[in-house]
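Student: So I've got this file, target_1.txt, and it contains compact mmCIF, C-alpha atoms:
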# COMPACT_ATOMS: atom_id res chain seq x y z
CA MET O 1309 41.71 1.09 -68.22
CA LYS O 1310 37.94 0.76 -68.06
CA ARG O 1311 38.22 -1.98 -65.40
CA SER O 1312 40.45 0.21 -63.16
CA TYR O 1313 38.03 3.12 -63.54
CA PHE O 1314 35.10 0.89 -62.53
CA ILE O 1315 36.93 -0.33 -59.40
CA VAL O 1316 37.78 3.22 -58.33
CA LEU O 1317 34.18 4.31 -58.91
CA CYS O 1318 32.81 1.43 -56.78
CA PHE O 1319 35.24 2.26 -54.03
CA PHE O 1320 34.16 5.92 -54.16
CA TYR O 1321 30.46 5.03 -53.87
CA CYS O 1322 31.12 2.58 -51.00
CA VAL O 1323 33.04 5.20 -49.08
CA GLN O 1324 30.30 7.74 -49.75
CA ALA O 1325 27.57 5.30 -48.65
CA SER O 1326 29.52 4.38 -45.53
CA SER O 1327 29.97 8.05 -44.75
CA GLN O 1328 26.24 8.69 -45.23
CA ASN O 1329 25.35 5.74 -43.00
CA GLU O 1330 27.72 6.94 -40.33
CA GLY O 1331 26.30 10.43 -40.55
CA ALA O 1332 22.72 9.18 -40.28
CA LEU O 1333 23.69 7.06 -37.29
CA VAL O 1334 25.37 9.95 -35.50
CA LEU O 1335 22.48 12.29 -36.24
CA GLY O 1336 19.98 9.64 -35.15
CA ASP O 1337 21.82 9.21 -31.85
CA GLN O 1338 21.80 12.97 -31.28
CA LEU O 1339 18.08 13.23 -32.03
CA TYR O 1340 17.34 10.29 -29.71
CA ALA O 1341 19.37 11.87 -26.90
CA MET O 1342 17.34 15.08 -27.30
CA GLY O 1343 14.04 13.19 -27.21
CA ASN O 1344 13.17 13.76 -30.88
CA TYR O 1345 12.33 10.10 -31.44
CA SER O 1346 10.30 10.28 -34.68
CA GLN O 1347 13.09 12.14 -36.52
CA ALA O 1348 15.64 9.75 -35.03
CA ILE O 1349 13.69 6.85 -36.55
CA THR O 1350 13.91 8.52 -39.98
CA GLN O 1351 17.70 8.64 -39.65
CA TYR O 1352 18.06 5.13 -38.28
CA GLN O 1353 16.00 3.69 -41.15
CA GLN O 1354 18.85 4.70 -43.47
CA VAL O 1355 21.31 2.58 -41.47
CA GLU O 1356 21.66 -1.16 -41.84
CA GLY O 1357 21.39 -3.05 -38.53
CA ALA O 1358 19.78 -0.15 -36.63
CA SER O 1359 16.60 -2.06 -35.74
CA PRO O 1360 17.42 -2.17 -31.98
CA LYS O 1361 17.77 1.62 -31.99
CA ILE O 1362 14.48 1.98 -33.88
CA ALA O 1363 12.86 -0.35 -31.30
CA LYS O 1364 14.10 1.91 -28.49
CA CYS O 1365 12.63 4.97 -30.28
CA TYR O 1366 9.22 3.35 -30.66
CA GLU O 1367 9.35 2.25 -27.03
CA ALA O 1368 10.11 5.84 -25.98
CA LEU O 1369 7.14 7.01 -28.08
CA GLY O 1370 4.89 4.53 -26.28
CA ASN O 1371 4.29 2.39 -29.37
CA SER O 1372 4.92 -1.02 -27.78
CA GLU O 1373 3.60 -2.93 -30.79
CA LYS O 1374 6.11 -1.46 -33.24
CA ALA O 1375 8.88 -1.58 -30.66
CA SER O 1376 8.22 -5.31 -30.20
CA ALA O 1377 8.28 -5.88 -33.97
CA TYR O 1378 11.71 -4.26 -34.27
CA TYR O 1379 13.03 -6.18 -31.27
CA GLU O 1380 11.83 -9.41 -32.90
CA LEU O 1381 13.58 -8.38 -36.12
CA THR O 1382 16.77 -7.72 -34.17
CA LEU O 1383 16.68 -11.08 -32.39
CA SER O 1384 16.10 -12.96 -35.65
CA SER O 1385 19.09 -11.26 -37.32
CA THR O 1386 21.45 -11.25 -34.32
CA PRO O 1387 20.23 -14.06 -32.01
CA GLU O 1388 23.37 -13.98 -29.83
CA ALA O 1389 23.11 -10.27 -28.95
CA LEU O 1390 22.38 -9.84 -25.23
CA LEU O 1391 21.45 -6.16 -24.95
CA PRO O 1392 18.44 -6.30 -27.35
CA LYS O 1393 17.17 -9.36 -25.45
CA TYR O 1394 17.50 -7.46 -22.17
CA ASN O 1395 15.70 -4.37 -23.50
CA PHE O 1396 13.00 -6.49 -25.14
CA GLY O 1397 12.51 -8.42 -21.90
CA LYS O 1398 11.99 -5.17 -19.98
CA LEU O 1399 9.41 -4.04 -22.57
CA LEU O 1400 7.58 -7.38 -22.29
CA LEU O 1401 7.55 -7.04 -18.50
CA LYS O 1402 6.15 -3.52 -18.80
CA THR O 1403 3.37 -4.71 -21.15
CA ALA O 1404 2.50 -7.68 -18.87
CA GLN O 1405 3.73 -10.37 -21.30
CA PHE O 1406 5.21 -12.24 -18.40
CA GLU O 1407 5.82 -15.65 -19.94
CA LYS O 1408 7.83 -14.27 -22.88
CA ALA O 1409 9.67 -11.86 -20.58
CA ASP O 1410 10.69 -14.65 -18.21
CA SER O 1411 11.82 -16.77 -21.14
CA LEU O 1412 14.19 -14.01 -22.32
CA PHE O 1413 15.53 -13.25 -18.83
CA SER O 1414 16.09 -16.99 -18.27
CA ILE O 1415 18.19 -17.17 -21.45
CA LEU O 1416 20.14 -14.11 -20.35
CA GLU O 1417 20.74 -15.58 -16.89
CA LEU O 1418 22.08 -18.79 -18.45
CA LYS O 1419 24.40 -16.78 -20.70
CA ASP O 1420 25.66 -14.60 -17.84
CA PRO O 1421 24.76 -16.15 -14.46
CA TYR O 1422 26.79 -13.55 -12.54
CA ASN O 1423 24.81 -10.56 -13.78
CA PRO O 1424 22.51 -9.58 -10.84
CA ASN O 1425 20.14 -7.57 -13.03
CA PHE O 1426 19.02 -10.61 -14.99
CA ALA O 1427 18.06 -12.37 -11.75
CA TYR O 1428 16.42 -9.15 -10.53
CA HIS O 1429 14.17 -8.93 -13.57
CA ARG O 1430 13.22 -12.57 -13.22
CA GLY O 1431 12.20 -11.66 -9.67
CA LEU O 1432 10.10 -8.76 -10.96
CA VAL O 1433 8.33 -11.08 -13.41
CA ALA O 1434 7.63 -13.63 -10.66
CA GLU O 1435 6.39 -10.87 -8.34
CA ARG O 1436 3.97 -9.57 -10.96
CA ARG O 1437 2.69 -13.11 -11.46
CA ASN O 1438 2.26 -13.63 -7.69
CA ASP O 1439 4.78 -16.43 -7.95
CA SER O 1440 6.46 -17.39 -4.67
CA THR O 1441 9.78 -17.89 -6.48
CA ALA O 1442 10.18 -14.09 -6.56
CA GLU O 1443 11.83 -14.22 -3.13
CA ASP O 1444 14.40 -16.76 -4.37
CA HIS O 1445 15.29 -14.60 -7.37
CA PHE O 1446 15.74 -11.48 -5.24
CA MET O 1447 17.86 -13.41 -2.75
CA ARG O 1448 20.06 -14.56 -5.62
CA VAL O 1449 20.49 -10.91 -6.59
CA ILE O 1450 21.68 -10.08 -3.06
CA ALA O 1451 24.08 -13.04 -3.17
CA LEU O 1452 25.60 -11.58 -6.35
CA ASP O 1453 25.49 -7.95 -5.20
CA GLU O 1454 24.75 -7.32 -1.53
CA ALA O 1455 24.37 -3.56 -2.18
CA HIS O 1456 21.62 -3.99 -4.82
CA GLN O 1457 19.17 -1.44 -3.39
CA ASN O 1458 16.22 -2.42 -5.58
CA ALA O 1459 16.44 -6.08 -4.59
CA LEU O 1460 16.86 -5.15 -0.91
CA TYR O 1461 13.74 -2.98 -1.16
CA ARG O 1462 11.69 -5.67 -2.92
CA LEU O 1463 12.65 -8.28 -0.34
CA GLY O 1464 11.94 -5.92 2.58
CA LYS O 1465 8.55 -4.96 1.15
CA MET O 1466 7.59 -8.53 0.27
CA LEU O 1467 8.51 -9.91 3.70
CA LEU O 1468 6.76 -7.00 5.42
CA GLU O 1469 3.54 -7.77 3.52
CA MET O 1470 3.92 -11.40 4.65
CA ARG O 1471 4.37 -10.10 8.24
CA ARG O 1472 7.76 -11.79 8.52
CA PHE O 1473 9.10 -8.81 10.41
CA ASP O 1474 12.38 -10.26 11.67
CA ARG O 1475 13.57 -11.10 8.16
CA ALA O 1476 12.21 -7.89 6.66
CA ARG O 1477 14.10 -5.86 9.26
CA GLY O 1478 17.48 -7.17 8.03
CA TYR O 1479 16.89 -6.07 4.43
CA ILE O 1480 15.44 -2.70 5.46
CA ASP O 1481 18.42 -2.03 7.73
CA ALA O 1482 20.82 -3.05 4.95
CA GLY O 1483 19.14 -0.61 2.56
CA LEU O 1484 19.31 2.21 5.10
CA ALA O 1485 22.97 1.45 5.86
CA THR O 1486 23.79 2.22 2.22
CA GLU O 1487 21.27 5.07 1.81
CA PRO O 1488 20.33 6.56 5.22
CA ASN O 1489 17.93 9.18 3.79
CA SER O 1490 16.14 6.83 1.41
CA ILE O 1491 12.46 7.73 1.57
CA ARG O 1492 11.33 4.29 0.41
CA PHE O 1493 13.37 2.42 3.04
CA ILE O 1494 12.40 4.82 5.85
CA ASN O 1495 8.77 4.32 4.81
CA LEU O 1496 9.21 0.54 5.02
CA LYS O 1497 10.73 0.95 8.48
CA ALA O 1498 7.77 3.11 9.59
CA LEU O 1499 5.25 0.61 8.19
CA MET O 1500 7.03 -2.28 9.90
CA HIS O 1501 6.97 -0.60 13.32
CA PHE O 1502 3.33 0.42 12.76
CA ALA O 1503 2.34 -3.16 11.85
CA GLU O 1504 4.17 -4.38 14.98
CA LYS O 1505 2.17 -1.78 16.99
CA ASP O 1506 5.45 -0.29 18.17
CA TYR O 1507 3.94 3.17 17.88
CA HIS O 1508 6.82 5.12 19.45
CA ARG O 1509 9.28 3.80 16.86
CA ALA O 1510 6.72 4.23 14.11
CA LEU O 1511 6.38 7.90 15.11
CA ALA O 1512 10.15 8.39 14.99
CA ALA O 1513 10.32 6.94 11.47
CA TYR O 1514 7.33 8.94 10.23
CA MET O 1515 8.84 12.15 11.60
CA GLU O 1516 11.96 11.40 9.54
CA LEU O 1517 9.71 11.28 6.48
CA VAL O 1518 8.05 14.57 7.44
CA ALA O 1519 11.50 16.15 7.83
CA LEU O 1520 12.29 14.96 4.29
CA GLY O 1521 9.20 16.77 2.99
CA GLN O 1522 6.87 13.80 2.68
CA SER O 1523 3.11 14.21 3.02
CA THR O 1524 0.79 11.38 2.01
CA VAL O 1525 -2.59 10.11 3.16
CA GLN O 1526 -1.10 6.94 4.63
CA LEU O 1527 1.60 8.91 6.47
CA HIS O 1528 -0.94 11.22 8.15
CA GLU O 1529 -3.36 8.36 8.90
CA ASN O 1530 -0.64 6.31 10.57
CA LEU O 1531 0.71 9.35 12.41
CA ALA O 1532 -2.77 10.05 13.80
CA THR O 1533 -3.20 6.44 14.93
CA SER O 1534 0.29 6.36 16.46
CA TYR O 1535 -0.30 9.59 18.37
CA ARG O 1536 -3.63 8.26 19.68
CA ASN O 1537 -2.02 5.03 20.84
CA THR O 1538 0.72 6.93 22.66
CA ASN O 1539 -1.83 9.26 24.32
CA GLN O 1540 -0.64 12.31 22.36
CA PHE O 1541 -4.19 13.36 21.55
CA GLU O 1542 -3.54 16.98 20.59
CA LYS O 1543 -1.02 15.85 17.98
CA ALA O 1544 -3.48 13.22 16.74
CA LEU O 1545 -6.04 16.01 16.25
CA GLU O 1546 -3.53 17.90 14.10
CA GLN O 1547 -3.10 14.89 11.80
CA TYR O 1548 -6.84 14.24 11.43
CA THR O 1549 -7.33 17.95 10.71
CA ILE O 1550 -4.71 17.76 7.93
CA LEU O 1551 -6.46 14.72 6.45
CA ILE O 1552 -9.92 16.31 6.50
CA ASN O 1553 -8.87 19.83 5.44
CA GLU O 1554 -6.21 18.99 2.85
CA TYR O 1555 -7.32 15.65 1.40
CA ASP O 1556 -11.01 14.78 1.79
CA ASP O 1557 -13.70 15.75 4.31
CA GLN O 1558 -15.98 12.88 3.27
CA ILE O 1559 -13.97 9.96 4.69
CA PRO O 1560 -15.96 8.43 7.59
CA GLU O 1561 -12.93 6.74 9.17
CA TRP O 1562 -11.20 10.10 9.64
CA HIS O 1563 -14.23 11.68 11.29
CA TYR O 1564 -14.58 8.61 13.48
CA GLY O 1565 -10.90 8.82 14.51
CA LEU O 1566 -11.37 12.51 15.23
CA GLY O 1567 -14.45 11.73 17.33
CA ILE O 1568 -12.60 9.09 19.36
CA THR O 1569 -9.71 11.51 19.91
CA TYR O 1570 -12.02 14.28 21.09
CA MET O 1571 -13.65 11.77 23.44
CA SER O 1572 -10.24 11.03 24.97
CA LEU O 1573 -9.85 14.78 25.54
CA LYS O 1574 -13.33 14.87 27.12
CA ASN O 1575 -14.56 17.28 24.46
CA TYR O 1576 -17.85 15.42 24.16
CA GLU O 1577 -19.70 17.84 21.89
CA LYS O 1578 -17.07 17.73 19.16
CA SER O 1579 -16.70 13.99 19.69
CA ARG O 1580 -20.42 13.45 19.14
CA ARG O 1581 -20.44 15.70 16.07
CA HIS O 1582 -17.67 13.81 14.28
CA ILE O 1583 -18.92 10.34 15.20
CA GLU O 1584 -22.37 11.28 13.89
CA ILE O 1585 -20.77 12.60 10.68
CA ALA O 1586 -18.95 9.27 10.35
CA ILE O 1587 -22.24 7.39 10.75
CA LEU O 1588 -23.91 9.54 8.08
CA LEU O 1589 -21.03 9.10 5.64
CA LYS O 1590 -20.36 5.43 6.15
CA ASP O 1591 -22.09 2.61 4.36
CA LEU O 1592 -23.02 -0.42 6.43
CA PRO O 1593 -21.69 -1.71 8.72
CA ILE O 1594 -21.59 1.14 11.28
CA GLU O 1595 -21.49 -1.09 14.36
CA ASP O 1596 -18.26 0.30 15.84
CA GLU O 1597 -19.33 3.91 15.33
CA LEU O 1598 -22.68 3.37 17.06
CA MET O 1599 -21.01 1.62 19.98
CA SER O 1600 -18.58 4.52 20.36
CA LEU O 1601 -21.48 6.95 20.30
CA SER O 1602 -23.14 4.94 23.08
CA TYR O 1603 -19.96 5.18 25.19
CA LEU O 1604 -19.97 8.94 24.64
CA PHE O 1605 -23.54 9.28 25.93
CA SER O 1606 -22.65 7.10 28.90
CA ALA O 1607 -19.70 9.36 29.73
CA LYS O 1608 -22.06 12.35 29.59
CA LEU O 1609 -24.62 10.50 31.80
CA GLU O 1610 -27.19 10.82 29.00
CA TYR O 1611 -28.59 7.33 29.48
CA ARG O 1612 -31.77 7.81 27.51
CA LYS O 1613 -29.76 8.73 24.41
CA GLN O 1614 -27.41 5.85 25.11
CA MET O 1615 -30.39 3.48 25.13
CA GLU O 1616 -31.61 4.86 21.79
CA VAL O 1617 -28.23 4.22 20.18
CA LEU O 1618 -27.86 0.75 21.70
CA ASN O 1619 -31.35 -0.18 20.51
CA ARG O 1620 -30.18 0.69 16.99
CA VAL O 1621 -27.17 -1.59 17.42
CA VAL O 1622 -29.23 -4.48 18.79
CA ASN O 1623 -31.74 -4.17 15.95
CA LYS O 1624 -29.07 -3.93 13.22
CA TYR O 1625 -26.58 -6.35 14.76
CA PRO O 1626 -28.52 -8.83 16.93
CA SER O 1627 -25.38 -10.91 17.63
CA ASN O 1628 -23.63 -7.99 19.37
CA GLU O 1629 -23.52 -9.27 22.96
CA ARG O 1630 -21.85 -6.14 24.32
CA ALA O 1631 -24.65 -3.92 22.99
CA GLN O 1632 -27.31 -6.16 24.55
CA TYR O 1633 -25.65 -6.06 27.97
CA PHE O 1634 -24.87 -2.33 27.90
CA LEU O 1635 -28.50 -1.68 26.93
CA ALA O 1636 -29.55 -3.36 30.19
CA ALA O 1637 -26.95 -1.35 32.12
CA ALA O 1638 -28.13 1.89 30.49
CA ALA O 1639 -31.74 1.06 31.41
CA ASP O 1640 -30.56 0.35 34.96
CA ASN O 1641 -29.01 3.82 35.11
CA TYR O 1642 -31.98 5.54 33.46
CA TYR O 1643 -35.08 4.04 35.09
CA GLU O 1644 -35.90 4.80 38.71
CA ASP O 1645 -38.54 2.08 38.65
CA LYS O 1646 -36.35 -1.02 38.70
CA LYS O 1647 -39.22 -3.27 37.62
CA LEU O 1648 -38.70 -1.73 34.17
CA VAL O 1649 -35.07 -2.79 34.20
CA ILE O 1650 -35.56 -6.50 34.91
CA PRO O 1651 -36.74 -7.42 31.35
CA PHE O 1652 -33.53 -6.01 29.87
CA TYR O 1653 -31.30 -8.27 31.97
CA GLU O 1654 -33.61 -11.23 31.41
CA LYS O 1655 -33.42 -10.72 27.66
CA TYR O 1656 -29.63 -10.64 27.81
CA LEU O 1657 -29.42 -13.76 29.98
CA LYS O 1658 -31.93 -15.67 27.87
CA LYS O 1659 -29.55 -15.31 24.93
CA TYR O 1660 -26.14 -15.30 26.62
CA GLY O 1661 -26.76 -16.87 30.04
CA GLU O 1662 -24.65 -19.96 29.28
CA THR O 1663 -21.54 -18.54 27.64
CA GLY O 1664 -21.88 -14.75 27.69
CA GLN O 1665 -18.98 -12.51 28.64
CA PHE O 1666 -21.17 -10.59 31.12
CA ARG O 1667 -23.35 -13.48 32.36
CA GLU O 1668 -22.03 -13.35 35.94
CA TYR O 1669 -22.62 -9.61 36.21
CA GLY O 1670 -26.05 -9.97 34.63
CA ASN O 1671 -27.11 -12.79 36.95
CA GLN O 1672 -25.89 -10.96 40.03
CA ARG O 1673 -27.55 -7.68 39.07
CA LEU O 1674 -30.83 -9.41 38.24
CA LYS O 1675 -30.76 -11.15 41.63
CA ASP O 1676 -30.05 -7.83 43.41
CA LEU O 1677 -32.88 -6.08 41.58
CA LYS O 1678 -35.41 -8.79 42.48
CA THR O 1679 -34.22 -8.84 46.08
CA GLY O 1680 -34.51 -5.05 46.33
CA ILE O 1681 -38.00 -5.04 44.87
CA HIS O 1682 -39.04 -7.82 47.26
CA PHE O 1683 -37.80 -6.04 50.38
CA ASN O 1684 -39.26 -2.74 49.25
CA GLY O 1685 -42.63 -4.44 49.05
CA GLU O 1686 -43.13 -3.62 45.42
Transcribe the structure of this file into structure tokens.

Tutor:
Amino acid sequence: MKRSYFIVLCFFYCVQASSQNEGALVLGDQLYAMGNYSQAITQYQQVEGASPKIAKCYEALGNSEKASAYYELTLSSTPEALLPKYNFGKLLLKTAQFEKADSLFSILELKDPYNPNFAYHRGLVAERRNDSTAEDHFMRVIALDEAHQNALYRLGKMLLEMRRFDRARGYIDAGLATEPNSIRFINLKALMHFAEKDYHRALAAYMELVALGQSTVQLHENLATSYRNTNQFEKALEQYTILINEYDDQIPEWHYGLGITYMSLKNYEKSRRHIEIAILLKDLPIEDELMSLSYLFSAKLEYRKQMEVLNRVVNKYPSNERAQYFLAAAADNYYEDKKLVIPFYEKYLKKYGETGQFREYGNQRLKDLKTGIHFNGE
């Protein structure tokens, strides 16, 4: 009688314990789903074998150290389980533990070689390590699942950065075929056309992004450059104005671009103002900005000011052949007494008379000046 009573009592307590465990597990899952991770951990700790769930809670809380400890516990108790390995691998990738992450994803890929996500995460690890095998992993993903958008994007972006445009184009087009309004793929398309200097197509792609509500510094910078290179100067002004007014008015490159655009519109005063702002804002070197300012003064027939700017260039950048020659040409335009001009051409020819880009012009002009002085009896 006593033995039967004991058996019944044990059975009762086992059922009760199982019921409590099941209740704690259900409650823990509900708390996790609602984002109450700390309370979910309290429930899961009452359940045997819940270490992978506790690991996920700690990961959601941002405690990677404790999450890793519970993943390790899970793998030691259930070494054949795939899902904890996969989740642990993703955590290791996120925390830059690339060697351990790749080891786990390699094991997973051997266990299930037809799962594209295992190959994809191996590609992510290789990409983060600047390992050239990343491309091979992503291509394997596409072989397993040709509609894998993330792998298509990674391959398109990687090949674009390597300037392998023909190959990049195929992956970008494949991504857009599946998802025509994908902002990330349209952005890749715009960047590809911009890098190819196909500014009309770049503009078309960037306008798609604008229509989708996108507004970034790179978008407006590339729009401005594309408009300038397609002679749409008023629209380029709009983009530079957005950059300066809405993002930062202390970026010298934007003021310089604005100055060049105003110069194309023959608004020389505004052009000069923005180029000079660019020169004030920019750290060395400022060679291009000074040369542009000299072209502006030449267009305005202000040769004395052009000479002042070119003297700055020659002093700062003595190897700038163009500045040396244009200084002589500016002096030629400025001085009525041509005897004052001759030393400028002689200085240029002394340095660049053998190989200089303008040596023929310089030699001919110097000869003409000396001939003119001779016949004028000076």

Student: Counting only C-alpha atoms, give me one row per residue of stretch 1374-1492 of chain O with an atom at most 8 Å from an atom of stretch 1361-1370 of chain O, showing the shortest contact pair and its distance in Å to one decimal, sorted by chain then residue number, as a Markdown table.

Tutor:
| residue | atom | partner | partner_atom | distance |
| --- | --- | --- | --- | --- |
| O:Lys1374 | CA | O:Tyr1366 | CA | 6.3 |
| O:Ala1375 | CA | O:Ala1363 | CA | 4.2 |
| O:Ser1376 | CA | O:Ala1363 | CA | 6.9 |
| O:Ala1377 | CA | O:Ala1363 | CA | 7.7 |
| O:Tyr1378 | CA | O:Ala1363 | CA | 5.0 |
| O:Tyr1379 | CA | O:Ala1363 | CA | 5.8 |
| O:Leu1399 | CA | O:Glu1367 | CA | 7.7 |

Student: Quick one: distance from atom CA of O:Ala1519 to atom CA of O:Met1500 in Å, one decimal?

Tutor: 19.1 Å

Student: Considering only C-alpha atoms, return as number ranges by chain whatever protein or nucleic-acid residues lie within 12 Å of O:Asn1575, sequence-local ones (same chain, fewer than 6 positions apart) excluded.

Tutor: O: 1541-1542, 1545, 1566-1569, 1581-1582, 1604, 1607-1608

Student: Mind giving me the straight-line distance from atom CA of O:Gly1661 to atom CA of O:Leu1601 in Å, one decimal?

Tutor: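 Going from atom CA of O:Gly1661 over to atom CA of O:Leu1601 covers 26.3 Å.
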
Student: List as a list in words the protein and nucleic acid residues near O:Ala1639, meaning an atom at most 9 Å away when all atoms listed in the file are counted, but skip any in the same chain fewer than 2 places from it.

Tutor: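 The contact residues come out as Tyr1611, Arg1612, Met1615, Phe1634, Leu1635, Ala1636, Ala1637, Asn1641, Tyr1642, Tyr1643, Lys1646, Leu1648, Val1649 and Phe1652 of chain O.
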
Student: Of the candidates O:Lys1393, O:Glu1380, O:Tyr1352, O:Phe1473, which one gets nearest to O:Lys1505 if we count all atoms listed in the file?

Tutor: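 Once distances to O:Lys1505 are computed over all atoms listed in the file, the minimum belongs to O:Phe1473.
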
Student: Extract, using all atoms listed in the file, all DNA, RNA and protein residues at most 8 Å from O:Leu1452, discarding same-chain residues fewer than 4 positions from it, and format them as a list in words.

Tutor: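 Non-adjacent residues within range: Tyr1422, Asn1423, Pro1424 and Arg1448 of chain O.
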
Student: Show which residues sit within 9 Å of O:Arg1509, as number ranges by chain. Count all atoms listed in the file, and ignore same-chain residues fewer than 5 positions away.

Tutor: O: 1497-1498, 1501-1502, 1514

Student: Do you have the atom CA of O:His1528-atom CA of O:Ala1512 distance handy?

Tutor: 13.3 Å

Student: Using all atoms listed in the file, can you tell me which of O:Asp1640, O:Glu1454, O:Glu1516, O:Glu1469 comes closest to O:Thr1486?

Tutor: O:Glu1454

Student: Find the residues near stretch 1428-1433 of chain O: any atom within 12 Å, counting all atoms listed in the file, skip ones fewer than 2 places away on the same chain, and give them as number ranges by chain.

Tutor: O: 1394-1417, 1421-1426, 1435-1453, 1456-1463, 1466

Student: Kindly list the centre and edge lengths in Å, rounded to one decimal, for the axis-aligned box that covers all listed atoms of stretch 1598-1604 of chain O plus 4 Å on each of its six sides, as lines of an AutoDock Vina configuration file.

Tutor:
center_x = -20.9
center_y = 5.3
center_z = 21.1
size_x = 12.6
size_y = 15.3
size_z = 16.1

Student: Could you tell me which of O:Leu1381, O:Ala1332, O:Gly1357, O:Leu1520 comes closest to O:Ser1490 if we count only C-alpha atoms?

Tutor: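 Selected residue with least distance to O:Ser1490: O:Leu1520.
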
Student: Hey, can you pull every residue with an atom no more than 12 Å from (2.3, 13.2, 1.1), using only C-alpha atoms, and send it as a PyMOL selection string?

Tutor: chain O and resi 1491+1495+1514+1517-1529+1550-1551+1554-1555
